[in-house]
Each structure stands twice: as C-alpha cells, then as structure tokens.
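A quick write-up on the structure given underneath.
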Amino acid sequence: MNLSELNHFLAGRTSVRQYLPEPVPDKVIWEILKATNKAPSAGNLESWDVIVVTDEGTRELLSDAAFLQEHVSAAPVVFVICANYVRSMSRYDERGILYAMQDATIAGTYLMMAIHASGLGSCWTGAFDDEMVREILGIPGHVRPVTLLTAGYPSEVMPPPLRMDTGEHVHYGYW
C-alpha cells in the first residue's frame with residue numbers, strides 16, 4: 001500500500017451508528033484482534049486489554065452505561081478497550097498511567113482500522129460512565145475502560161464528514 005492508497009482507505013472510514021442485525025463471525029473478530037496486537041506501545045509493555053462483548057443483554061447494559069446511546073446495543077460486537085496501568089507502572093511508575101492510556105488509544109485505533117479493513121463499520125464511543133462499565137464487565141481497579149468501540153455490518157453508508165484543512169493542525173518548529 002502506498003501513501004495515496006492509505007489516504008484513500010482512511011478517507012473511507014466513517015463512524016457507523018446503524019448496524020444490520022447480523023452477527024460478526026468469530027474468525028473475523030479474531031483476525032481483527034490479531035491486527036490490533038501489532039499496535040506499538042511504550043516500552044513494548046502492551047499496557048492494554050480488550051473485552052469482546054457479543055451478548056445482547058450485556059450490550060444493552062453497556063448502552064445504559066453509555067448514556068443510552070442506541071448504537072452500543074445495536075452493534076453485534078462491542079470492543080471495550082482498556083488501559084492496564086499495572087503493566088506500564090511496573091517500569092514507569094506514575095508516568096505509566098499516561099503511557100497505559102496512550103497504549104490503549106493506539107490499540108483502539110489499530111482495532112478501528114482493522115474493523116474498517118474487514119468491511120465492517122465502527123464507532124468510537126468515549127461518552128460512558130466508567131464505573132458502570134467496570135461493574136458490568138468485572139474490570140479490576142487497576143484497569144480503566146477507555147472506549148467502547150462498536151462494530152458490525154453497516155445498515156447504511158454515510159459520506160465522510162467534512163474535515164478541517166490539514167494546515168489548521170500543523171505547526172512547524174514551534175506553535
């Protein structure tokens with residue numbers, strides 16, 4: 001893949017909030033997770049974990065925790081990406097908290113791109129009650145849920161959103 005092909009691929013990804021009620025095959029989920037496992041991490045400690053949720057009842061509870069966002073319960077799969085502080089704090093002390101959050105975010109981005117490459121749609125969902133998610137999924141105290149990444153077969157394809165000009169984000173040498 002060259003840079004032009006990469007830009008085309010990235011431009012084709014949009015947030016999907018409407019899914020067909022078809023389950024995603026376990027083999028596809030596993031291939032997505034294998035791609036996610038290639039994400040870089042601080043000190044190569046891989047301070048992230050993912051919980052794969054396909055159970056309808058659990059997805060409904062997660063939707064409640066996500067302030068009733070319907071796409072969370074409608075998606076056949078919800079990947080809950082978590083920062084695992086202990087892994088990075090074992091080497092980096094308090095700074096490891098930041099590194100674990102970064103590791104989880106990078107892994108989530110790889111996961112989202114793998115979902116897109118598989119022909120599925122996804123939506124990064126950051127608005128949720130951490131404690132409710134922690135309780136629903138039995139997440140230990142040293143692990144923080146970072147995102148609920150929904151995935152499934154899109155029921156509609158939305159056009160890519162308008163983006164700011166690249167130059168609006170770029171500063172050379174200083175701010």
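Note on naming: chains are A, B, ... as they come in the structure tokens, residues start from 1 per chain, ligands start from 1 in the order shown.
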
List the neighbours of Gln102 in chain A out to 8 Å using only C-alpha atoms; skip same-chain residues closer than 4 positions along the sequence, and give me the result as a PDB file with N, CA and C atoms, in the first residue's frame.
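Saved to selection_28.pdb:
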```pdb
ATOM      1  N   SER A  41       3.613   0.175  21.585  1.00  0.00           N
ATOM      2  CA  SER A  41       3.299   0.573  22.957  1.00  0.00           C
ATOM      3  C   SER A  41       4.566   1.024  23.664  1.00  0.00           C
ATOM      4  N   LEU A  98      -0.167   7.495  32.190  1.00  0.00           N
ATOM      5  CA  LEU A  98      -0.294   8.154  30.885  1.00  0.00           C
ATOM      6  C   LEU A  98       0.052   7.185  29.760  1.00  0.00           C
ATOM      7  N   ILE A 106      -3.844   3.842  21.144  1.00  0.00           N
ATOM      8  CA  ILE A 106      -3.213   3.363  19.904  1.00  0.00           C
ATOM      9  C   ILE A 106      -3.816   2.007  19.517  1.00  0.00           C
TER      10      ILE A 106
END
```

What are the closest atom pairs, with distances in Å to one decimal, for all residues of range 43-97 of chain A lying within 7 Å of range 112-135 of chain A? Consider only C-alpha atoms, order rows by chain and residue number, and present the result as a tab-separated table.
```
residue	atom	partner	partner_atom	distance
A:Leu62	CA	A:Val133	CA	6.4
A:Ala65	CA	A:Asp129	CA	5.4
A:Ala66	CA	A:Phe128	CA	3.9
A:Phe67	CA	A:Phe128	CA	6.2
```

Export of the given selection (all heavy atoms) as a CSV table (one decimal), in the first residue's frame:
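Output (part37.csv):
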```csv
chain,number,residue,atom,x,y,z
A,62,LEU,N,-24.3,-2.0,28.5
A,62,LEU,CA,-23.3,-1.1,28.1
A,62,LEU,C,-23.9,0.2,27.5
A,62,LEU,O,-23.4,1.3,27.7
A,62,LEU,CB,-22.3,-1.7,27.2
A,62,LEU,CG,-21.4,-2.8,27.8
A,62,LEU,CD1,-20.5,-3.5,26.7
A,62,LEU,CD2,-20.5,-2.1,28.9
A,65,ALA,N,-24.9,2.3,30.2
A,65,ALA,CA,-23.7,3.0,30.8
A,65,ALA,C,-23.2,4.1,29.9
A,65,ALA,O,-22.5,5.0,30.3
A,65,ALA,CB,-22.6,1.9,31.0
A,66,ALA,N,-23.5,4.0,28.6
A,66,ALA,CA,-23.1,5.0,27.6
A,66,ALA,C,-24.2,6.0,27.4
A,66,ALA,O,-24.4,6.6,26.3
A,66,ALA,CB,-22.7,4.3,26.3
A,67,PHE,N,-24.9,6.3,28.4
A,67,PHE,CA,-25.9,7.4,28.4
A,67,PHE,C,-27.0,7.1,27.3
A,67,PHE,O,-27.4,8.0,26.6
A,67,PHE,CB,-25.3,8.7,28.3
A,67,PHE,CG,-24.2,8.9,29.3
A,67,PHE,CD1,-22.8,9.0,28.9
A,67,PHE,CD2,-24.4,9.0,30.7
A,67,PHE,CE1,-21.8,9.1,29.8
A,67,PHE,CE2,-23.4,9.1,31.6
A,67,PHE,CZ,-22.1,9.2,31.1
```

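Using only C-alpha atoms, the residues found no farther than 9 Å from Phe79 in chain A, other than those of its own chain fewer than 6 positions away, are A:Val50, A:Ile51, A:Val52, A:Val53, A:Thr54, A:Gly108, A:Leu111, A:Thr147, A:Leu148, A:Leu149, A:Thr150, A:Ala151.
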
- [ ] Would you list, as a PyMOL selection string, the residues of chain A that end up in helix (DSSP H, G or I) under DSSP run on this structure's backbone?
- [x] chain A and resi 3-11+26-36+42-44+56-65+70-74+85-92+95-117+130-137+166-168

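The gap separating CA of Gly152 in chain A from CA of Asp55 in chain A is 13.6 Å, in Å to one decimal.
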
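Here the residues within chain A that DSSP labels strand (DSSP E) on the basis of the backbone are Trp48, Asp49, Val50, Ile51, Val52, Val53, Val77, Val78, Phe79, Val80, Ile81, Cys82, Ala83, Asn84, Gly121, Ser122, Cys123, Trp124, Thr125, Val143, Arg144, Pro145, Val146, Thr147, Leu148, Leu149, Thr150, Ala151 and Gly152 of chain A.
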
TODO: Just the residues within 7 Å of Asp49 in chain A, please, counting only C-alpha atoms, with nothing from its chain fewer than 5 positions along; format it as an MDAnalysis selection string.
DONE: chainID A and resid 81:84

Keeping only C-alpha atoms, write the selected residues as an mmCIF file, in the first residue's frame.
```
data_model
loop_
_atom_site.group_PDB
_atom_site.id
_atom_site.type_symbol
_atom_site.label_atom_id
_atom_site.label_comp_id
_atom_site.auth_asym_id
_atom_site.auth_seq_id
_atom_site.Cartn_x
_atom_site.Cartn_y
_atom_site.Cartn_z
ATOM 1 C CA ILE A 81 -10.553 -1.198 25.103
ATOM 2 C CA CYS A 82 -8.918 -0.730 28.477
ATOM 3 C CA ALA A 83 -5.721 0.797 29.824
ATOM 4 C CA ASN A 84 -3.899 -1.619 32.142
#
```

Task: Two-atom distance - CA of Gly138 in chain A, CA of Leu61 in chain A (Å) - done: 12.9 Å

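Here the question is which of A:Tyr172, A:Met158, A:Ala100, A:Lys34 gets nearest to Pro145 in chain A using only C-alpha atoms, and that residue is A:Ala100.
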